[in-house]
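**Q** Dropping in run-v9.txt, which is compact mmCIF, C-alpha atoms (C1' of nucleotides):
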# COMPACT_ATOMS: atom_id res chain seq x y z
CA MET A 178 263.43 60.73 54.31
CA ARG A 179 265.97 63.39 53.39
CA ILE A 180 268.37 62.96 56.27
CA PRO A 181 268.08 60.08 58.70
CA LYS A 182 265.95 60.64 61.77
CA LYS A 183 268.82 60.10 64.15
CA GLU A 184 270.95 62.79 62.61
CA ARG A 185 268.05 65.20 62.35
CA GLN A 186 267.39 64.77 66.06
CA HIS A 187 271.05 65.28 66.83
CA ARG A 188 271.13 68.48 64.81
CA LEU A 189 267.90 69.61 66.38
CA GLY A 190 269.51 69.39 69.81
CA ALA A 191 272.59 71.24 68.64
CA LEU A 192 270.53 73.94 66.96
CA LEU A 193 268.35 74.60 69.98
CA ASP A 194 271.40 74.51 72.16
CA GLU A 195 272.79 77.60 70.54
CA ASN A 196 269.48 79.21 69.70
CA PRO A 197 266.70 78.24 72.08
CA PHE A 198 264.30 80.82 70.63
CA MET A 199 262.98 78.81 67.68
CA THR A 200 259.36 77.65 67.57
CA ASP A 201 258.35 74.23 66.29
CA GLU A 202 257.05 75.84 63.13
CA GLU A 203 260.36 77.55 62.40
CA LEU A 204 262.15 74.30 63.11
CA SER A 205 259.85 72.36 60.80
CA LYS A 206 260.71 74.75 57.97
CA HIS A 207 264.39 74.52 58.77
CA PHE A 208 264.43 70.72 58.57
CA ARG A 209 261.74 70.51 55.85
CA VAL A 210 259.53 68.21 57.87
CA SER A 211 256.11 68.70 59.45
CA VAL A 212 255.55 70.38 62.78
CA GLN A 213 254.37 67.03 64.14
CA THR A 214 257.67 65.40 63.32
CA ILE A 215 259.50 68.13 65.19
CA ARG A 216 257.25 67.52 68.17
CA LEU A 217 257.89 63.78 68.07
CA ASP A 218 261.61 64.51 67.88
CA ARG A 219 261.49 66.83 70.85
CA LEU A 220 259.46 64.25 72.74
CA GLU A 221 261.97 61.48 72.01
CA CYS A 222 264.95 63.67 72.87
CA GLY A 223 263.34 65.13 75.96
CA ILE A 224 263.67 68.67 74.66
CA PRO A 225 261.12 70.97 76.32
CA GLU A 226 258.93 73.44 74.46
CA LEU A 227 259.95 76.98 73.60
CA ARG A 228 258.40 78.56 76.68
CA GLU A 229 260.13 76.14 79.02
CA ARG A 230 263.44 76.68 77.26
CA LEU A 231 263.13 80.43 77.64
CA LYS A 232 262.18 80.05 81.27
CA SER A 233 265.26 77.98 82.01
CA VAL A 234 267.57 80.32 80.12
CA ALA A 235 266.08 83.26 81.99
CA THR A 236 266.50 81.47 85.31
CA ARG A 237 270.11 80.66 84.55
CA SER A 238 270.77 84.28 83.67
CA LEU A 239 269.22 85.64 86.84
CA GLU A 240 271.26 83.24 88.93
CA ALA A 241 274.39 84.22 87.07
CA GLU A 242 273.61 87.87 87.64
CA LEU A 243 273.15 87.28 91.31
CA LYS A 244 276.37 85.31 91.44
CA SER A 245 278.38 88.01 89.71
CA MET A 246 276.87 90.56 92.07
CA GLN A 247 278.05 88.59 95.05
CA SER A 248 281.48 88.01 93.64
CA ASP A 249 281.58 91.66 92.73
CA GLU A 250 283.61 93.03 95.57
CA VAL A 251 285.34 89.87 96.62
CA PHE A 252 286.47 87.18 94.28
CA GLY A 253 286.21 83.87 96.09
CA GLU A 254 284.32 83.21 99.29
CA ILE A 255 285.81 84.46 102.50
CA VAL A 256 285.48 81.78 105.13
CA ASP A 257 287.49 83.29 107.95
CA ILE A 258 288.71 86.78 108.65
CA GLU A 259 290.47 88.62 111.44
CA LEU A 260 290.66 92.22 110.30
CA ASP A 261 294.13 93.68 109.81
CA ARG A 262 295.69 90.34 110.71
CA ARG A 263 294.72 87.38 108.53
CA ALA A 264 291.99 85.97 106.28
CA ILE A 265 291.11 82.87 104.28
CA SER A 266 289.03 82.53 101.14
CA ILE A 267 288.13 79.60 98.94
CA PHE A 268 287.61 79.66 95.21
CA ASP A 269 286.29 76.72 93.22
CA VAL A 270 287.79 76.54 89.77
CA THR A 271 285.33 75.61 87.05
CA SER A 272 285.64 75.13 83.31
CA ASP A 273 284.78 78.82 83.00
CA HIS A 274 288.14 79.73 84.46
CA VAL A 275 290.49 77.67 82.34
CA PHE A 276 292.09 78.03 78.94
CA GLN A 277 290.20 75.92 76.45
CA ARG A 278 293.42 74.78 74.86
CA ASN A 279 295.14 73.27 77.84
CA GLY A 280 292.61 73.22 80.69
CA ILE A 281 294.80 75.34 82.96
CA ALA A 282 293.26 78.13 85.00
CA ARG A 283 293.99 81.61 83.73
CA GLY A 284 296.36 83.39 86.04
CA HIS A 285 294.21 86.42 86.58
CA HIS A 286 291.66 84.39 88.52
CA LEU A 287 294.27 83.35 91.06
CA PHE A 288 295.43 86.92 91.16
CA ALA A 289 291.86 88.17 91.57
CA GLN A 290 291.26 85.89 94.53
CA ALA A 291 294.51 86.93 96.16
CA ASN A 292 294.11 90.62 95.46
CA SER A 293 290.51 90.67 96.65
CA LEU A 294 291.55 88.96 99.84
CA ALA A 295 294.38 91.44 100.35
CA VAL A 296 291.87 94.29 100.03
CA ALA A 297 289.33 92.60 102.28
CA VAL A 298 291.69 91.79 105.12
CA LEU A 299 292.49 95.47 105.55
CA ASP A 300 289.72 97.23 107.39
CA ASP A 301 289.91 100.33 105.28
CA ASP A 302 287.62 102.26 102.97
CA LEU A 303 290.36 102.94 100.50
CA ALA A 304 292.86 100.10 100.24
CA LEU A 305 294.69 100.02 96.92
CA THR A 306 297.30 97.71 95.54
CA VAL A 307 300.49 99.60 94.68
CA ASP A 308 303.08 96.92 93.99
CA SER A 309 302.96 93.21 93.95
CA THR A 310 305.19 90.25 93.28
CA LEU A 311 303.66 86.95 92.25
CA HIS A 312 304.73 83.35 91.88
CA PHE A 313 302.67 80.75 90.08
CA HIS A 314 304.14 77.53 91.44
CA ARG A 315 301.93 74.92 89.83
CA PRO A 316 299.10 74.95 87.27
CA VAL A 317 295.56 74.84 88.61
CA ARG A 318 292.79 73.00 86.80
CA ALA A 319 289.00 72.89 86.69
CA GLY A 320 287.61 71.16 89.76
CA ASP A 321 290.42 72.33 92.02
CA ARG A 322 289.47 74.17 95.20
CA VAL A 323 291.95 76.95 95.82
CA ILE A 324 292.39 78.07 99.41
CA ALA A 325 294.06 81.45 99.76
CA ARG A 326 295.55 82.59 103.06
CA ALA A 327 296.35 86.22 103.73
CA ILE A 328 298.68 87.39 106.46
CA VAL A 329 299.31 91.03 107.17
CA ASN A 330 303.04 91.55 107.65
CA TYR A 331 303.72 94.41 110.04
CA GLU A 332 307.50 94.15 109.95
CA LEU A 333 307.52 95.17 106.30
CA SER A 334 304.74 97.72 106.68
CA THR A 335 305.44 101.40 107.13
CA GLY A 336 303.03 104.28 107.55
CA LYS A 337 300.42 104.21 104.84
CA ARG A 338 301.98 101.12 103.24
CA THR A 339 300.88 97.71 104.43
CA VAL A 340 302.26 94.44 103.15
CA VAL A 341 299.91 91.46 102.79
CA GLU A 342 301.31 88.05 102.03
CA ILE A 343 299.11 85.56 100.25
CA THR A 344 299.65 81.85 99.80
CA SER A 345 297.18 79.79 97.80
CA SER A 346 297.10 76.03 97.82
CA VAL A 347 295.13 73.13 96.39
CA GLU A 348 294.96 70.12 98.67
CA ASN A 349 297.76 71.49 100.79
CA GLU A 350 300.06 71.91 97.82
CA LEU A 351 301.26 75.45 97.17
CA VAL A 352 300.05 76.72 93.79
CA PHE A 353 300.46 80.47 94.12
CA SER A 354 302.07 83.01 96.38
CA GLY A 355 302.28 86.75 96.29
CA GLU A 356 303.29 89.82 98.21
CA PHE A 357 300.89 92.76 97.97
CA HIS A 358 302.00 96.24 98.94
CA MET A 359 298.83 98.09 99.78
CA TYR A 360 298.19 101.78 100.15
CA ARG A 361 295.81 102.71 102.94
CA SER A 362 293.99 106.00 103.17
CA GLY A 363 293.87 105.74 106.90
CA THR A 364 290.15 106.52 107.04
CA ASP A 365 289.68 103.35 108.95
CA THR A 366 286.06 102.39 109.42
CA ARG A 367 284.74 100.26 112.19
CA ARG A 368 281.29 99.92 110.72
CA GLU A 369 280.28 96.66 109.17
CA THR A 370 280.03 97.44 105.46
CA LYS A 371 279.52 93.87 104.39
CA MET B 261 240.77 100.63 97.25
CA ARG B 262 243.17 99.22 99.78
CA ILE B 263 246.29 101.00 98.58
CA PRO B 264 246.15 103.80 96.04
CA LYS B 265 246.42 102.82 92.43
CA LYS B 266 249.55 104.83 91.88
CA GLU B 267 251.45 103.10 94.62
CA ARG B 268 250.23 99.70 93.57
CA GLN B 269 251.52 100.29 90.07
CA HIS B 270 254.82 101.48 91.41
CA ARG B 271 255.17 98.38 93.55
CA LEU B 272 254.10 96.22 90.65
CA GLY B 273 256.99 97.54 88.59
CA ALA B 274 259.45 97.02 91.41
CA LEU B 275 258.17 93.52 92.08
CA LEU B 276 258.44 92.42 88.47
CA ASP B 277 261.80 94.07 88.24
CA GLU B 278 263.28 91.67 90.72
CA ASN B 279 261.09 88.72 89.86
CA PRO B 280 259.88 88.74 86.25
CA PHE B 281 258.44 85.23 86.53
CA MET B 282 255.07 86.10 88.08
CA THR B 283 251.85 85.58 86.12
CA ASP B 284 248.98 88.06 86.23
CA GLU B 285 247.04 85.63 88.38
CA GLU B 286 249.81 85.40 90.96
CA LEU B 287 250.13 89.17 90.91
CA SER B 288 246.39 89.62 91.40
CA LYS B 289 246.55 87.46 94.52
CA HIS B 290 249.59 89.33 95.76
CA PHE B 291 247.89 92.72 95.48
CA ARG B 292 244.39 91.40 96.32
CA VAL B 293 242.85 92.83 93.19
CA SER B 294 241.37 91.18 90.13
CA VAL B 295 243.41 89.88 87.24
CA GLN B 296 241.86 92.57 85.05
CA THR B 297 243.16 95.30 87.29
CA ILE B 298 246.65 93.87 87.01
CA ARG B 299 246.31 93.87 83.25
CA LEU B 300 245.16 97.46 83.22
CA ASP B 301 248.09 98.35 85.44
CA ARG B 302 250.57 96.64 83.17
CA LEU B 303 248.97 98.35 80.21
CA GLU B 304 249.25 101.77 81.81
CA CYS B 305 252.82 101.19 82.90
CA GLY B 306 253.89 99.62 79.65
CA ILE B 307 254.95 96.41 81.34
CA PRO B 308 254.93 93.50 78.88
CA GLU B 309 253.37 90.12 79.54
CA LEU B 310 255.18 87.26 81.25
CA ARG B 311 256.35 85.60 78.05
CA GLU B 312 257.82 88.80 76.70
CA ARG B 313 259.54 89.48 80.01
CA LEU B 314 261.12 86.04 79.99
CA LYS B 315 262.17 86.45 76.39
CA SER B 316 263.97 89.70 77.11
CA VAL B 317 265.67 88.30 80.20
CA ALA B 318 266.77 85.27 78.19
CA THR B 319 268.08 87.44 75.39
CA ARG B 320 270.04 89.58 77.80
CA SER B 321 271.58 86.49 79.30
CA LEU B 322 272.60 85.00 75.98
CA GLU B 323 274.23 88.25 74.96
CA ALA B 324 276.08 88.38 78.23
CA GLU B 325 277.19 84.80 77.76
CA LEU B 326 278.44 85.58 74.29
CA LYS B 327 280.27 88.60 75.58
CA SER B 328 282.00 86.63 78.29
CA MET B 329 282.83 83.96 75.74
CA GLN B 330 284.55 86.49 73.54
CA SER B 331 286.49 87.98 76.37
CA ASP B 332 287.16 84.45 77.50
CA GLU B 333 290.64 83.88 76.22
CA VAL B 334 291.78 87.46 76.01
CA PHE B 335 290.76 90.17 78.40
CA GLY B 336 290.69 93.40 76.46
CA GLU B 337 290.72 93.80 72.70
CA ILE B 338 293.97 93.20 70.91
CA VAL B 339 294.43 95.91 68.31
CA ASP B 340 297.94 95.17 67.13
CA ILE B 341 300.18 92.17 67.45
CA GLU B 342 303.56 91.04 66.18
CA LEU B 343 304.01 87.52 67.51
CA ASP B 344 306.90 86.96 69.91
CA ARG B 345 307.79 90.64 69.75
CA ARG B 346 305.10 93.10 70.82
CA ALA B 347 301.36 93.60 71.13
CA ILE B 348 298.79 96.21 72.12
CA SER B 349 295.34 95.79 73.62
CA ILE B 350 292.70 98.22 74.76
CA PHE B 351 290.29 97.74 77.62
CA ASP B 352 287.42 100.09 78.37
CA VAL B 353 286.73 100.38 82.07
CA THR B 354 283.04 100.45 82.96
CA SER B 355 281.18 100.70 86.24
CA ASP B 356 281.25 96.90 86.32
CA HIS B 357 284.97 96.99 86.97
CA VAL B 358 285.20 99.42 89.86
CA PHE B 359 284.77 99.24 93.59
CA GLN B 360 281.37 100.61 94.53
CA ARG B 361 282.82 102.40 97.50
CA ASN B 362 285.43 104.51 95.79
CA GLY B 363 284.91 104.12 92.03
CA ILE B 364 288.42 102.82 91.45
CA ALA B 365 288.98 99.88 89.12
CA ARG B 366 289.76 96.62 90.85
CA GLY B 367 293.38 95.68 90.31
CA HIS B 368 292.69 92.26 88.93
CA HIS B 369 291.16 93.73 85.79
CA LEU B 370 294.36 95.58 84.97
CA PHE B 371 296.26 92.43 85.78
CA ALA B 372 293.93 90.35 83.61
CA GLN B 373 294.44 92.62 80.63
CA ALA B 374 298.20 92.57 81.06
CA ASN B 375 298.43 88.86 81.73
CA SER B 376 296.18 87.96 78.81
CA LEU B 377 298.28 90.12 76.55
CA ALA B 378 301.47 88.48 77.81
CA VAL B 379 300.00 85.07 76.97
CA ALA B 380 298.73 86.22 73.59
CA VAL B 381 301.95 87.82 72.41
CA LEU B 382 303.75 84.51 72.76
CA ASP B 383 302.93 82.23 69.86
CA ASP B 384 302.75 79.13 71.98
CA ASP B 385 300.13 76.55 72.86
CA LEU B 386 301.23 76.38 76.45
CA ALA B 387 302.38 79.73 77.77
CA LEU B 388 302.07 80.03 81.53
CA THR B 389 302.84 82.82 83.91
CA VAL B 390 305.43 81.75 86.45
CA ASP B 391 306.48 84.94 88.23
CA SER B 392 305.40 88.48 87.92
CA THR B 393 306.10 91.85 89.45
CA LEU B 394 303.47 94.58 89.25
CA HIS B 395 303.24 98.28 89.89
CA PHE B 396 299.95 100.12 90.09
CA HIS B 397 301.03 103.70 89.49
CA ARG B 398 297.74 105.53 89.45
CA PRO B 399 294.09 104.60 90.09
CA VAL B 400 291.94 103.92 87.07
CA ARG B 401 288.26 104.84 86.96
CA ALA B 402 285.13 103.98 85.01
CA GLY B 403 285.22 105.52 81.55
CA ASP B 404 289.00 105.27 81.26
CA ARG B 405 290.40 103.50 78.22
CA VAL B 406 293.43 101.50 79.23
CA ILE B 407 296.00 100.81 76.53
CA ALA B 408 298.38 98.00 77.40
CA ARG B 409 301.64 97.53 75.50
CA ALA B 410 303.56 94.28 75.64
CA ILE B 411 307.18 93.94 74.67
CA VAL B 412 309.01 90.64 74.70
CA ASN B 413 312.39 91.11 76.34
CA TYR B 414 314.95 88.71 74.90
CA GLU B 415 317.88 89.94 76.98
CA LEU B 416 316.20 88.66 80.14
CA SER B 417 314.80 85.51 78.53
CA THR B 418 316.55 82.18 78.80
CA GLY B 419 315.57 78.81 77.37
CA LYS B 420 311.99 78.03 78.25
CA ARG B 421 311.59 81.28 80.20
CA THR B 422 310.50 84.38 78.34
CA VAL B 423 310.09 87.80 79.90
CA VAL B 424 307.26 90.04 78.74
CA GLU B 425 307.11 93.63 79.87
CA ILE B 426 303.75 95.35 79.99
CA THR B 427 302.99 99.02 80.39
CA SER B 428 299.42 100.24 80.59
CA SER B 429 298.41 103.84 80.24
CA VAL B 430 295.33 106.04 80.17
CA GLU B 431 295.65 109.06 77.94
CA ASN B 432 299.41 108.62 77.76
CA GLU B 433 299.76 108.57 81.52
CA LEU B 434 301.27 105.41 82.97
CA VAL B 435 298.81 103.63 85.26
CA PHE B 436 300.24 100.14 85.48
CA SER B 437 303.42 98.26 84.64
CA GLY B 438 304.50 94.71 85.11
CA GLU B 439 307.10 92.15 84.27
CA PHE B 440 305.80 88.68 83.40
CA HIS B 441 308.09 85.68 83.44
CA MET B 442 306.45 83.15 81.18
CA TYR B 443 307.06 79.46 80.81
CA ARG B 444 306.85 78.16 77.26
CA SER B 445 306.38 74.54 76.34
CA GLY B 446 308.20 75.02 73.08
CA THR B 447 305.43 73.40 71.06
CA ASP B 448 305.26 76.48 69.00
CA THR B 449 302.31 76.56 66.62
CA ARG B 450 302.16 78.55 63.45
CA ARG B 451 298.47 78.02 62.89
CA GLU B 452 296.12 80.86 63.65
CA THR B 453 294.22 79.76 66.71
CA LYS B 454 293.45 83.38 67.53
C1' DT C 5 254.43 40.97 44.57
C1' DT C 6 252.58 41.70 48.97
C1' DC C 7 252.89 42.67 53.65
C1' DC C 8 254.99 44.59 57.94
C1' DG C 9 256.81 48.17 60.71
C1' DG C 10 258.89 52.34 61.59
C1' DA C 11 258.63 57.16 60.14
C1' DT C 12 255.96 60.76 58.97
C1' DT C 13 251.95 63.54 58.62
C1' DA C 14 247.14 65.11 59.79
C1' DG C 15 243.51 66.42 62.71
C1' DC C 16 241.15 67.45 66.89
C1' DA C 17 240.40 68.63 71.74
C1' DC C 18 242.46 70.99 75.39
C1' DT C 19 245.93 74.15 78.14
C1' DT C 20 248.43 78.57 79.57
C1' DG C 21 248.89 83.07 79.78
C1' DG C 22 247.94 86.18 77.75
C1' DT C 23 245.43 90.64 74.26
C1' DA C 24 241.49 93.47 72.92
C1' DC C 25 237.34 94.93 73.71
C1' DT C 26 232.73 95.90 75.95
C1' DA C 27 229.87 96.32 79.76
C1' DA C 28 228.60 96.37 84.42
C1' DT C 29 229.68 97.84 89.23
C1' DA C 30 231.96 100.19 92.97
C1' DT C 31 233.82 103.99 95.11
C1' DC C 32 235.02 108.51 96.05
C1' DA C 33 234.98 113.56 95.72
C1' DG C 34 232.63 117.76 95.09
C1' DC D 29 223.29 113.00 94.35
C1' DT D 30 225.99 112.90 90.42
C1' DG D 31 229.88 112.39 87.53
C1' DA D 32 234.40 110.70 87.09
C1' DT D 33 237.53 107.27 88.10
C1' DA D 34 238.64 102.64 89.42
C1' DT D 35 237.63 98.03 89.47
C1' DT D 36 235.63 93.83 88.04
C1' DA D 37 233.38 90.59 84.78
C1' DG D 38 232.86 88.41 80.58
C1' DT D 39 233.61 87.36 75.81
C1' DA D 40 236.27 86.32 71.60
C1' DC D 41 240.66 85.42 70.07
C1' DC D 42 245.86 84.20 69.73
C1' DA D 43 250.44 81.63 70.10
C1' DA D 44 252.66 77.76 71.07
C1' DG D 45 252.25 74.29 72.67
C1' DT D 46 250.53 68.82 74.86
C1' DG D 47 248.14 64.44 74.17
C1' DC D 48 245.85 61.50 71.57
C1' DT D 49 244.12 58.87 67.39
C1' DA D 50 244.31 57.91 62.78
C1' DA D 51 245.90 57.97 58.24
C1' DT D 52 249.83 57.64 54.90
C1' DC D 53 254.33 56.77 53.14
C1' DC D 54 258.19 54.07 52.19
C1' DG D 55 261.74 50.50 52.32
C1' DG D 56 263.05 45.85 52.98
C1' DA D 57 261.99 40.83 53.77
C1' DA D 58 259.18 36.74 52.67
What is this file in structure tokens?
**A**
Amino acid sequence: MRIPKKERQHRLGALLDENPFMTDEELSKHFRVSVQTIRLDRLECGIPELRERLKSVATRSLEAELKSMQSDEVFGEIVDIELDRRAISIFDVTSDHVFQRNGIARGHHLFAQANSLAVAVLDDDLALTVDSTLHFHRPVRAGDRVIARAIVNYELSTGKRTVVEITSSVENELVFSGEFHMYRSGTDTRRETK
Amino acid sequence: MRIPKKERQHRLGALLDENPFMTDEELSKHFRVSVQTIRLDRLECGIPELRERLKSVATRSLEAELKSMQSDEVFGEIVDIELDRRAISIFDVTSDHVFQRNGIARGHHLFAQANSLAVAVLDDDLALTVDSTLHFHRPVRAGDRVIARAIVNYELSTGKRTVVEITSSVENELVFSGEFHMYRSGTDTRRETK
DNA sequence: TTCCGGATTAGCACTTGGTACTAATATCAG
DNA sequence: CTGATATTAGTACCAAGTGCTAATCCGGAA
């Protein structure tokens, strides 16, 4: 018994976690035990066989791909929109969005949600951000649901420049606000692109 | 011969393209031909078997995961840094970063590069963006290499607030600039966390 | 020392989803 | 009708397992 069973099983889990492609035979060589022992270990730890592991990794990846496709044009989910007037989107912060060191969401995700919403609320083929002023009022953490509200401000808008004001909050507490000065091509489209 | 062989093979490829999880048996039912025909088709089209398909999908996904892990903390690659003074990062724009409609890079990527650089240039465990003013001077497109330069401005900085100025350019032409007002906890660390 | 029990190893039958190959049919076109 | 092409059938074999039984090994307590 080189290393105790418990530790071997622990390491086995860790190893397969970062490299799910190893067969039982490769694993048995790695830990210098028989293939049968590896199988018993997997059985006890509830670790599925190679093929099942690959299947689940592949599934995860396809879902992720789909997800990133959806979030491609708009970051966050738009729940309400009145073109050229106002819009609302929600964005659920997960551990993927935070700094590992302090658990606080990286600013560019809040910006991305706001900026995407500013683009979406304008019914225009070519809406570009020109200038923008941002305020990060309070840190946002994993698990928070950020609700961004966009309001098109016509007083400040002139000609091809439109001003969109965004306020984002978590549980009714303001976490972010920004003013987006957008350029519009004017080639306004009425067709439903989305 | 219900549908011509050529078309069946074409559809087979398309089908597996969007759903690589189907076995030959399932495929044979789908196309109402024998399993052997499916195998001949795969052979002729050079389509690998289920297990190989899953393996390649899984590999792709792990690579993608790794990639996103690397770009996790810093968006763009830092090529030069002098802590608390200045830093430079480069970010290659690909088709993943642009609007499908007009081929122009989404603003939040430029912001992410700049913001990440502003965080990185400060040698602090807890550096947060508080306010920021941005200017998008010129559209950026796929293939462009954006070089962002950060300079810490000590004239404007006071106490726990530090101002970082970022200018991003493509082939020496200014495309983006921004002023980032950062909050620093003061728990300055000298260790290399990277 | 001997004996017990958990840990390990071995061996065998069986499963999935295939490959590789051969042979028999079916179908269509000239 | 005949020849080519397409399809189907059937066999042996493989990888990477599961599930099961049985044999060892090995360390500590009686």
**Q** Please produce, as CSV, a per-residue contact table for stretch 29-50 of chain D versus stretch 14-31 of chain C (criterion: any atom at most 8 Å away, only C-alpha atoms (C1' of nucleotides) considered), showing the nearest atom pair and its distance in Å to one decimal, sorted by chain then residue number.
**A**
residue,atom,partner,partner_atom,distance
D:DA34,C1',C:DT31,C1',7.6
D:DT35,C1',C:DA30,C1',7.0
D:DT36,C1',C:DT29,C1',7.3
D:DA37,C1',C:DA28,C1',7.5
D:DC42,C1',C:DT23,C1',7.9
D:DT46,C1',C:DT19,C1',7.8
**Q** Interatomic distance between atom C1' of C:DG10 and atom CA of A:Glu202?
**A**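 Pair atom C1' of C:DG10 / atom CA of A:Glu202 returns 23.6 Å.
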**Q** If you fit chain B onto chain A using every C-alpha atom, paired in order, what RMSD in Å do you get?
**A**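 Between chain A and chain B, the C-alpha RMSD is 1.3 Å.
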**Q** Record the distance separating atom CA of A:Arg318 and atom CA of A:Val275, expressed in Å with one decimal.
**A** 6.9 Å
**Q** What's the 7 Å shell around A:Gly355, counting only C-alpha atoms (C1' of nucleotides), without same-chain residues fewer than 2 positions away, as an MDAnalysis selection string?
**A** chainID A and resid 309:312 342:344 353 357
**Q** Pull the closest atom pair for each residue of chain C that gets at most 9 Å from chain A, along with the distance in Å to one decimal, counting all atoms listed in the file, ordering rows by chain and then ascending residue number, as JSON lines.
**A**
{"residue": "C:DA11", "atom": "C1'", "partner": "A:Lys182", "partner_atom": "CA", "distance": 8.3}
{"residue": "C:DT12", "atom": "C1'", "partner": "A:Thr214", "partner_atom": "CA", "distance": 6.6}
{"residue": "C:DT13", "atom": "C1'", "partner": "A:Ser211", "partner_atom": "CA", "distance": 6.7}
{"residue": "C:DA14", "atom": "C1'", "partner": "A:Gln213", "partner_atom": "CA", "distance": 8.7}
**Q** Counting all atoms listed in the file, collect the residues of chain D whose closest atom lies at most 9 Å from chain A, and write them out as a PyMOL selection string.
**A** chain D and resi 44-45+54
**Q** Mind dumping a table of every chain B residue within 9 Å of chain A, with the nearest atom pair and its distance in Å to one decimal, using only C-alpha atoms, sorted by chain and rising number, as CSV?
**A**
residue,atom,partner,partner_atom,distance
B:Phe281,CA,A:Lys232,CA,8.3
B:Arg311,CA,A:Arg228,CA,7.5
B:Leu314,CA,A:Ala235,CA,6.0
B:Lys315,CA,A:Leu231,CA,6.2
B:Ser316,CA,A:Ala235,CA,8.4
B:Val317,CA,A:Ala235,CA,5.4
B:Ala318,CA,A:Ala235,CA,4.4
B:Thr319,CA,A:Ala235,CA,8.1
B:Arg320,CA,A:Ser238,CA,7.9
B:Ser321,CA,A:Ser238,CA,5.0
B:Leu322,CA,A:Ser238,CA,7.9
B:Ala324,CA,A:Ser238,CA,8.6
B:Glu325,CA,A:Ser238,CA,8.7
B:Asp332,CA,A:Phe276,CA,8.2
B:Glu333,CA,A:Phe276,CA,6.6
B:Asp356,CA,A:Asp249,CA,8.3
B:His357,CA,A:Asp249,CA,8.5
B:Val358,CA,A:Glu250,CA,8.7
B:Phe359,CA,A:Glu250,CA,6.6
B:Gln360,CA,A:Glu250,CA,8.0
B:Arg361,CA,A:Asp302,CA,7.3
B:Asn362,CA,A:Leu303,CA,7.0
B:Ile364,CA,A:Leu305,CA,8.8
B:Arg366,CA,A:Ser293,CA,8.3
B:Gly367,CA,A:Thr306,CA,6.8
B:His368,CA,A:Ala289,CA,4.9
B:His369,CA,A:His285,CA,8.0
B:Phe371,CA,A:His285,CA,6.4
B:Ala372,CA,A:His285,CA,4.9
B:Gln373,CA,A:His285,CA,8.6
B:Asn375,CA,A:His285,CA,6.9
B:Ser376,CA,A:His285,CA,8.2
B:Asp385,CA,A:Arg278,CA,7.2
B:Leu386,CA,A:Asn279,CA,7.0
B:Leu388,CA,A:Gly284,CA,8.0
B:Thr389,CA,A:Phe313,CA,6.5
B:Val390,CA,A:Phe313,CA,4.7
B:Asp391,CA,A:His312,CA,4.3
B:Ser392,CA,A:Leu311,CA,4.9
B:Thr393,CA,A:Thr310,CA,4.2
B:Leu394,CA,A:Ser309,CA,4.9
B:His395,CA,A:Asp308,CA,4.3
B:Phe396,CA,A:Val307,CA,4.7
B:His397,CA,A:Val307,CA,6.6
B:Arg398,CA,A:Val307,CA,8.4
B:Pro399,CA,A:Leu305,CA,8.2
**Q** To one decimal place, how far is atom CA of A:Ile328 from atom CA of A:Arg262 in Å?
**A**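 Separation between atom CA of A:Ile328 and atom CA of A:Arg262: 6.0 Å.
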**Q** For C:DA33, find every residue with an atom within 12 Å (counting all atoms listed in the file), except residues of its own chain fewer than 4 positions away, and show them as a list in words.
**A**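 So, after excluding close chain neighbours, the residues are DC29, DT30, DG31, DA32 and DT33 of chain D.
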**Q** As a PyMOL selection string, please: the residues near B:His290 (cut-off 12 Å, all atoms listed in the file, same-chain neighbours under 6 positions excluded).
**A** chain B and resi 268+271-272+275-276+282-284+298
**Q** Given only C-alpha atoms as the basis, pick out the residue of B:Glu286, B:Glu267, B:Asp344, B:Asp404 nearest to B:Asp384.
**A**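 Looking at the shortest contact to B:Asp384, the residue is B:Asp344.
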